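**Student:** There's a structure below that I have some questions on.
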Amino acid sequence: MVRLNLSWNKIDQEGLGRLAGVLGECKTLAHLDLSKNAIGAEGAGRLAGVLGECKALAHLNLRWSQLGAEGAERLVGVLRECKRLTHLNLRGSEIGAEGAGRLEGLGECKALVHLDLSDNGIGAEGAGRLAGVLGGCTALAHLDLSENGIGMEGAGRLAGVFVKCKALAHLDLSRNELGAAGVERLAGVPGECKALARFDLRVNDIGDEGAGRLAGLLEARQVRAGIVFPVGSGRAAASRCRATPSRTGLQGSSTSEKSENEAAESQTGMWSAVTSQKHSPLETNPNSHSSGFHHRQLGLSTDEDGSS
């Protein structure tokens with residue numbers, strides 16, 4: 001067996017204990033999904049006891065599994081034995097600021113390319129602790145830290161480590177209460193991260209001031225990454241970024257500067273949809289479920305299960 005999906009099955013700590021012995025015998029298991037189950041810290045400990053035997057494990061999905069700081073620490077401690085692990089999803093696992101500092105084992109997962117720690121209440125304090133962890137994830141290409149209340153202070157603590165992640169291609173910091181000052185602290189990231197193709201800053205209340213600061217820095221650095229600007233950013237600031245059209249962030253490709261500009265304007269109305277409140281009714285409530293269409297316009301995943 002290569003894939004096992006047991007998500008949304010009301011499995012708790014007791015049930016996981018019964019499964020643990022069987023999972024340890026699945027030597028070819030590469031994809032394991034236990035998301036949306038009440039695993040908790042105790043269940044995480046039982047799972048950790050067998051995951052080290054799953055040598056082929058590459059994808060582990062434990063989002064919304066109520067791990068807490070202790071459960072996350074138990075799991076991550078054994079994941080260093082899974083040498084083929086490339087994808088780890090811990091979204092909504094209640095890790096918190098304390099748990100963020102207990103993830104140091106991730107630095108030893110040298111094959112890890114996709115890490116989702118979104119919606120974990122990490123905050124500014126946890127961001128500082130997480131910075132020390134991420135520095136060891138040298139192969140990381142996709143990092144999702146959205147919905148963590150990182151704020152301006154947390155952004156400053158993380159900015160330095162982002163530029164050390166040389167393979168980073170997709171960085172999601174949406175819904176983090178960054179504000180204009182927080183975005184300014186991160187403005188150097190696209191220019192320093194040479195592989196960065198997508199930088200998501202949606203719903204961060206940066207306003208026209210923050211958009212202007214970011215746009216000016218992006219233009220000065222001649223950044224070629226696709227930037228997803230926050231809702232409510234000013235048209236004038238975004239238009240300055242069009243002077244350096246995206247070659248990697250927009251869908252499709254062009255053979256000339258003119259066609260690139262046309263693509264930027266015509267393909268899904270990317271800039272106008274993101275930067276003008278009065279022209280898009282979706283932006284009056286950025287947290288509304290109706291924003292799925294808006295996400296598709298930007299080429300973002302809206303899958304309920306959060307799979308990539």
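Going through the structure tokens in order, the chains are called A, B, and so on, while each chain numbers its residues from 1 and the ligands are numbered from 1 in the order shown.
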Fewer than 5 positions away in the same chain doesn't count, so skip those; otherwise give me all residues within 10 Å of Leu47 of chain A, counting only C-alpha atoms, as a ChimeraX atom specification.

**Tutor:** /A:13,16-17,19-21,23-24,39,41-42,52,71,74-75,78

**Student:** Could you name the residues that touch segment 86-91 of chain A at 7 Å or less, counting only C-alpha atoms, but leaving out those on the same chain fewer than 5 positions away, as a VMD selection string?

**Tutor:** chain A and resid 58 to 64 111 to 120

**Student:** Go ahead and save the picked residues with all heavy atoms, as a tab-separated table (two decimals), in the first residue's frame.

**Tutor:**
```tsv
chain	number	residue	atom	x	y	z
A	58	ALA	N	6.54	10.07	2.38
A	58	ALA	CA	6.91	11.32	1.71
A	58	ALA	C	5.92	12.44	2.01
A	58	ALA	O	6.31	13.61	2.09
A	58	ALA	CB	7.00	11.10	0.20
A	59	HIS	N	4.64	12.10	2.17
A	59	HIS	CA	3.59	13.10	2.43
A	59	HIS	C	2.86	12.74	3.72
A	59	HIS	O	2.30	11.64	3.84
A	59	HIS	CB	2.57	13.13	1.29
A	59	HIS	CG	3.07	13.71	0.02
A	59	HIS	ND1	2.49	14.80	-0.59
A	59	HIS	CD2	4.11	13.36	-0.76
A	59	HIS	CE1	3.16	15.08	-1.70
A	59	HIS	NE2	4.14	14.22	-1.81
A	60	LEU	N	2.83	13.67	4.69
A	60	LEU	CA	2.11	13.46	5.94
A	60	LEU	C	1.18	14.64	6.18
A	60	LEU	O	1.63	15.78	6.28
A	60	LEU	CB	3.09	13.32	7.11
A	60	LEU	CG	2.47	13.12	8.50
A	60	LEU	CD1	1.60	11.87	8.52
A	60	LEU	CD2	3.55	13.05	9.57
A	61	ASN	N	-0.11	14.36	6.26
A	61	ASN	CA	-1.12	15.40	6.44
A	61	ASN	C	-1.81	15.21	7.79
A	61	ASN	O	-2.52	14.22	7.99
A	61	ASN	CB	-2.15	15.33	5.30
A	61	ASN	CG	-3.03	16.57	5.24
A	61	ASN	OD1	-3.18	17.27	6.23
A	61	ASN	ND2	-3.62	16.82	4.10
A	62	LEU	N	-1.60	16.15	8.71
A	62	LEU	CA	-2.19	16.09	10.04
A	62	LEU	C	-2.90	17.39	10.39
A	62	LEU	O	-3.00	17.76	11.56
A	62	LEU	CB	-1.10	15.81	11.08
A	62	LEU	CG	-0.43	14.43	10.99
A	62	LEU	CD1	0.76	14.36	11.94
A	62	LEU	CD2	-1.42	13.33	11.33
A	63	ARG	N	-3.40	18.10	9.40
A	63	ARG	CA	-4.05	19.37	9.67
A	63	ARG	C	-5.33	19.17	10.50
A	63	ARG	O	-5.99	18.15	10.38
A	63	ARG	CB	-4.37	20.12	8.37
A	63	ARG	CG	-5.41	19.47	7.47
A	63	ARG	CD	-5.41	20.14	6.10
A	63	ARG	NE	-6.45	19.62	5.23
A	63	ARG	CZ	-6.35	18.47	4.56
A	63	ARG	NH1	-5.27	17.74	4.70
A	63	ARG	NH2	-7.32	18.06	3.77
A	64	TRP	N	-5.60	20.16	11.33
A	64	TRP	CA	-6.77	20.15	12.20
A	64	TRP	C	-6.84	18.87	13.04
A	64	TRP	O	-7.90	18.23	13.14
A	64	TRP	CB	-8.05	20.31	11.38
A	64	TRP	CG	-8.08	21.54	10.54
A	64	TRP	CD1	-7.73	22.81	10.91
A	64	TRP	CD2	-8.45	21.63	9.15
A	64	TRP	NE1	-7.86	23.68	9.84
A	64	TRP	CE2	-8.31	22.98	8.75
A	64	TRP	CE3	-8.91	20.70	8.22
A	64	TRP	CZ2	-8.59	23.41	7.47
A	64	TRP	CZ3	-9.20	21.15	6.93
A	64	TRP	CH2	-9.04	22.48	6.58
A	111	ALA	N	14.92	16.65	3.19
A	111	ALA	CA	14.18	16.51	1.93
A	111	ALA	C	12.91	17.34	1.92
A	111	ALA	O	12.23	17.43	0.90
A	111	ALA	CB	13.84	15.04	1.68
A	112	LEU	N	12.57	17.98	3.05
A	112	LEU	CA	11.31	18.71	3.18
A	112	LEU	C	11.25	19.91	2.24
A	112	LEU	O	12.08	20.82	2.33
A	112	LEU	CB	11.13	19.18	4.63
A	112	LEU	CG	9.75	19.74	5.00
A	112	LEU	CD1	8.69	18.66	4.91
A	112	LEU	CD2	9.79	20.33	6.41
A	113	VAL	N	10.26	19.92	1.35
A	113	VAL	CA	10.11	21.03	0.40
A	113	VAL	C	8.81	21.80	0.61
A	113	VAL	O	8.67	22.94	0.17
A	113	VAL	CB	10.17	20.54	-1.06
A	113	VAL	CG1	11.52	19.93	-1.38
A	113	VAL	CG2	9.07	19.53	-1.36
A	114	HIS	N	7.83	21.18	1.27
A	114	HIS	CA	6.50	21.80	1.44
A	114	HIS	C	6.10	21.73	2.91
A	114	HIS	O	5.94	20.64	3.46
A	114	HIS	CB	5.48	21.07	0.56
A	114	HIS	CG	4.11	21.71	0.55
A	114	HIS	ND1	3.53	22.20	-0.59
A	114	HIS	CD2	3.22	21.94	1.55
A	114	HIS	CE1	2.33	22.69	-0.29
A	114	HIS	NE2	2.13	22.55	1.00
A	115	LEU	N	5.93	22.90	3.54
A	115	LEU	CA	5.57	22.96	4.95
A	115	LEU	C	4.40	23.91	5.16
A	115	LEU	O	4.47	25.08	4.78
A	115	LEU	CB	6.77	23.42	5.78
A	115	LEU	CG	6.55	23.59	7.28
A	115	LEU	CD1	6.13	22.27	7.93
A	115	LEU	CD2	7.81	24.14	7.95
A	116	ASP	N	3.32	23.40	5.75
A	116	ASP	CA	2.14	24.21	6.03
A	116	ASP	C	1.95	24.30	7.54
A	116	ASP	O	1.62	23.31	8.20
A	116	ASP	CB	0.90	23.58	5.39
A	116	ASP	CG	-0.32	24.50	5.44
A	116	ASP	OD1	-0.35	25.40	6.31
A	116	ASP	OD2	-1.25	24.30	4.63
A	117	LEU	N	2.17	25.50	8.09
A	117	LEU	CA	1.97	25.76	9.51
A	117	LEU	C	0.91	26.85	9.70
A	117	LEU	O	0.89	27.53	10.73
A	117	LEU	CB	3.28	26.22	10.16
A	117	LEU	CG	4.40	25.17	10.23
A	117	LEU	CD1	5.68	25.80	10.77
A	117	LEU	CD2	3.99	23.99	11.10
A	118	SER	N	0.03	27.01	8.75
A	118	SER	CA	-0.98	28.06	8.80
A	118	SER	C	-2.00	27.82	9.91
A	118	SER	O	-2.21	26.69	10.35
A	118	SER	CB	-1.69	28.15	7.45
A	118	SER	OG	-2.31	26.90	7.12
A	119	ASP	N	-2.62	28.92	10.35
A	119	ASP	CA	-3.72	28.87	11.32
A	119	ASP	C	-3.33	28.13	12.60
A	119	ASP	O	-4.02	27.23	13.05
A	119	ASP	CB	-4.94	28.22	10.67
A	119	ASP	CG	-6.21	28.39	11.51
A	119	ASP	OD1	-6.24	29.30	12.37
A	119	ASP	OD2	-7.16	27.60	11.32
A	120	ASN	N	-2.19	28.51	13.18
A	120	ASN	CA	-1.71	27.83	14.38
A	120	ASN	C	-1.49	28.77	15.57
A	120	ASN	O	-0.93	28.35	16.58
A	120	ASN	CB	-0.41	27.09	14.08
A	120	ASN	CG	-0.66	25.64	13.71
A	120	ASN	OD1	-1.17	24.86	14.50
A	120	ASN	ND2	-0.31	25.29	12.48
```

**Student:** Just the number, please: distance in Å from atom CA of Gly68 of chain A to atom CA of Gly92 of chain A, one decimal.

**Tutor:** 9.5 Å

**Student:** Write down as number ranges by chain the residues of segment 115-174 of chain A whose backbone DSSP state falls under strand (DSSP E or B).

**Tutor:** A: 115-116, 142-144, 170-172

**Student:** Smallest atom-to-atom distance to Arg84 of chain A: which of A:Leu140, A:Met1, A:Ile150, A:Cys54, using only C-alpha atoms?

**Tutor:** A:Cys54

**Student:** If you count only C-alpha atoms, which residues fall within 6 Å of Ala38 of chain A, apart from same-chain ones fewer than 5 positions away, as a PyMOL selection string?

**Tutor:** chain A and resi 12+65-66

**Student:** Write to file, as a PDB file, in the first residue's frame, the residues of the selection just made, with N, CA and C atoms.

**Tutor:**
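Generated file (selection-v2.pdb):
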```
ATOM      1  N   ASP A  12      -9.911   9.124  17.423  1.00  0.00           N
ATOM      2  CA  ASP A  12      -9.292   9.811  18.549  1.00  0.00           C
ATOM      3  C   ASP A  12      -8.033   9.074  18.987  1.00  0.00           C
ATOM      4  N   SER A  65      -5.738  18.511  13.637  1.00  0.00           N
ATOM      5  CA  SER A  65      -5.693  17.251  14.389  1.00  0.00           C
ATOM      6  C   SER A  65      -5.477  17.459  15.887  1.00  0.00           C
ATOM      7  N   GLN A  66      -5.577  18.717  16.357  1.00  0.00           N
ATOM      8  CA  GLN A  66      -5.533  19.040  17.785  1.00  0.00           C
ATOM      9  C   GLN A  66      -4.249  18.544  18.462  1.00  0.00           C
TER      10      GLN A  66
END
```

**Student:** So that I can check the surroundings of Gly136 of chain A, please list as a list in words every protein, DNA and RNA residue that reaches within 6 Å of it, counting only C-alpha atoms and ignoring chain neighbours fewer than 2 positions away.

**Tutor:**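 Once the adjacent positions are removed, what remains is Gly107, Leu134 and Thr138 of chain A.
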
**Student:** Check the smallest atom-to-atom distance from each of A:Gly121, A:Gly15, A:Gly156, A:Gly43 to Val183 of chain A using only C-alpha atoms, then report the winner.

**Tutor:**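 Of the candidates, the smallest distance to Val183 of chain A is held by A:Gly156.
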
**Student:** Set the distance at 6 Å and use only C-alpha atoms: which residues neighbour Leu29 of chain A once local chain neighbours fewer than 6 positions away are removed? I'd like the list as a list in words.

**Tutor:** Met1, Val2, Ala56 and Leu57 of chain A

**Student:** Give me a file of those residues, with N, CA and C atoms, as an mmCIF file, in the first residue's frame.

**Tutor:**
```cif
data_model
loop_
_atom_site.group_PDB
_atom_site.id
_atom_site.type_symbol
_atom_site.label_atom_id
_atom_site.label_comp_id
_atom_site.auth_asym_id
_atom_site.auth_seq_id
_atom_site.Cartn_x
_atom_site.Cartn_y
_atom_site.Cartn_z
ATOM 1 N N MET A 1 0.842 -1.198 0.000
ATOM 2 C CA MET A 1 0.000 0.000 0.000
ATOM 3 C C MET A 1 0.876 1.246 0.000
ATOM 4 N N VAL A 2 0.531 2.180 -0.873
ATOM 5 C CA VAL A 2 1.307 3.414 -1.020
ATOM 6 C C VAL A 2 0.581 4.604 -0.429
ATOM 7 N N ALA A 56 9.425 4.937 3.669
ATOM 8 C CA ALA A 56 9.060 5.482 2.356
ATOM 9 C C ALA A 56 8.159 6.707 2.458
ATOM 10 N N LEU A 57 7.801 7.094 3.686
ATOM 11 C CA LEU A 57 6.843 8.183 3.874
ATOM 12 C C LEU A 57 7.347 9.494 3.276
#
```

**Student:** Tell me, as a PyMOL selection string, which residues lie within 10 Å of His170 of chain A, counting only C-alpha atoms; anything in the same chain fewer than 4 positions away does not count.

**Tutor:** chain A and resi 114+140-144+195-200+225-226+249

**Student:** Would you save the residues from that selection as a PDB file, in the first residue's frame, using N, CA, C and O atoms?

**Tutor:**
```pdb
ATOM      1  N   HIS A 114       7.826  21.181   1.274  1.00  0.00           N
ATOM      2  CA  HIS A 114       6.504  21.803   1.438  1.00  0.00           C
ATOM      3  C   HIS A 114       6.098  21.729   2.910  1.00  0.00           C
ATOM      4  O   HIS A 114       5.942  20.637   3.458  1.00  0.00           O
ATOM      5  N   LEU A 140      13.497  23.839   1.515  1.00  0.00           N
ATOM      6  CA  LEU A 140      12.111  24.299   1.560  1.00  0.00           C
ATOM      7  C   LEU A 140      11.773  25.194   0.367  1.00  0.00           C
ATOM      8  O   LEU A 140      12.428  26.211   0.134  1.00  0.00           O
ATOM      9  N   ALA A 141      10.722  24.807  -0.370  1.00  0.00           N
ATOM     10  CA  ALA A 141      10.300  25.569  -1.543  1.00  0.00           C
ATOM     11  C   ALA A 141       8.933  26.219  -1.341  1.00  0.00           C
ATOM     12  O   ALA A 141       8.634  27.242  -1.943  1.00  0.00           O
ATOM     13  N   HIS A 142       8.089  25.622  -0.504  1.00  0.00           N
ATOM     14  CA  HIS A 142       6.728  26.133  -0.281  1.00  0.00           C
ATOM     15  C   HIS A 142       6.505  26.249   1.224  1.00  0.00           C
ATOM     16  O   HIS A 142       6.565  25.248   1.938  1.00  0.00           O
ATOM     17  N   LEU A 143       6.245  27.474   1.692  1.00  0.00           N
ATOM     18  CA  LEU A 143       6.024  27.713   3.112  1.00  0.00           C
ATOM     19  C   LEU A 143       4.742  28.508   3.303  1.00  0.00           C
ATOM     20  O   LEU A 143       4.591  29.603   2.768  1.00  0.00           O
ATOM     21  N   ASP A 144       3.822  27.957   4.081  1.00  0.00           N
ATOM     22  CA  ASP A 144       2.546  28.617   4.364  1.00  0.00           C
ATOM     23  C   ASP A 144       2.474  28.951   5.856  1.00  0.00           C
ATOM     24  O   ASP A 144       2.387  28.057   6.699  1.00  0.00           O
ATOM     25  N   ALA A 195      14.650  32.447  -6.053  1.00  0.00           N
ATOM     26  CA  ALA A 195      13.741  31.441  -6.597  1.00  0.00           C
ATOM     27  C   ALA A 195      12.273  31.790  -6.369  1.00  0.00           C
ATOM     28  O   ALA A 195      11.387  31.094  -6.886  1.00  0.00           O
ATOM     29  N   LEU A 196      11.992  32.857  -5.609  1.00  0.00           N
ATOM     30  CA  LEU A 196      10.619  33.173  -5.231  1.00  0.00           C
ATOM     31  C   LEU A 196       9.770  33.517  -6.449  1.00  0.00           C
ATOM     32  O   LEU A 196      10.061  34.458  -7.179  1.00  0.00           O
ATOM     33  N   ALA A 197       8.697  32.748  -6.629  1.00  0.00           N
ATOM     34  CA  ALA A 197       7.794  32.966  -7.754  1.00  0.00           C
ATOM     35  C   ALA A 197       6.435  33.469  -7.292  1.00  0.00           C
ATOM     36  O   ALA A 197       5.698  34.061  -8.067  1.00  0.00           O
ATOM     37  N   ARG A 198       6.092  33.242  -6.034  1.00  0.00           N
ATOM     38  CA  ARG A 198       4.786  33.683  -5.536  1.00  0.00           C
ATOM     39  C   ARG A 198       4.905  34.124  -4.071  1.00  0.00           C
ATOM     40  O   ARG A 198       5.385  33.370  -3.228  1.00  0.00           O
ATOM     41  N   PHE A 199       4.458  35.347  -3.821  1.00  0.00           N
ATOM     42  CA  PHE A 199       4.538  35.950  -2.490  1.00  0.00           C
ATOM     43  C   PHE A 199       3.138  36.445  -2.144  1.00  0.00           C
ATOM     44  O   PHE A 199       2.658  37.400  -2.738  1.00  0.00           O
ATOM     45  N   ASP A 200       2.457  35.804  -1.215  1.00  0.00           N
ATOM     46  CA  ASP A 200       1.055  36.093  -0.912  1.00  0.00           C
ATOM     47  C   ASP A 200       0.945  36.963   0.330  1.00  0.00           C
ATOM     48  O   ASP A 200       1.312  36.544   1.431  1.00  0.00           O
ATOM     49  N   ALA A 225       9.158  38.184  -9.526  1.00  0.00           N
ATOM     50  CA  ALA A 225       8.226  37.254  -8.886  1.00  0.00           C
ATOM     51  C   ALA A 225       6.803  37.781  -8.988  1.00  0.00           C
ATOM     52  O   ALA A 225       6.574  38.968  -9.120  1.00  0.00           O
ATOM     53  N   GLY A 226       5.826  36.871  -8.898  1.00  0.00           N
ATOM     54  CA  GLY A 226       4.417  37.251  -8.913  1.00  0.00           C
ATOM     55  C   GLY A 226       3.992  37.602  -7.503  1.00  0.00           C
ATOM     56  O   GLY A 226       4.054  36.782  -6.611  1.00  0.00           O
ATOM     57  N   GLY A 249       4.964  34.717 -11.984  1.00  0.00           N
ATOM     58  CA  GLY A 249       3.786  34.689 -11.150  1.00  0.00           C
ATOM     59  C   GLY A 249       2.487  34.656 -11.922  1.00  0.00           C
ATOM     60  O   GLY A 249       1.497  34.133 -11.468  1.00  0.00           O
TER      61      GLY A 249
END
```

**Student:** Within 8 Å of Ser174 of chain A, counting only C-alpha atoms, which residues show up once you throw out same-chain ones fewer than 5 positions away? Write them as a JSON list (two decimals) with C-alpha atoms, in the first residue's frame, please.

**Tutor:**
```json
[["chain", "number", "residue", "atom", "x", "y", "z"],
["A", 145, "LEU", "CA", 2.40, 30.73, 7.53],
["A", 146, "SER", "CA", -0.93, 32.40, 6.82],
["A", 147, "GLU", "CA", -3.47, 33.22, 9.57],
["A", 200, "ASP", "CA", 1.06, 36.09, -0.91],
["A", 201, "LEU", "CA", 0.29, 39.14, 1.24],
["A", 202, "ARG", "CA", -3.50, 39.20, 1.00],
["A", 203, "VAL", "CA", -5.64, 40.71, 3.76],
["A", 204, "ASN", "CA", -2.90, 42.37, 5.79],
["A", 230, "PRO", "CA", -3.40, 42.63, -0.16]]
```
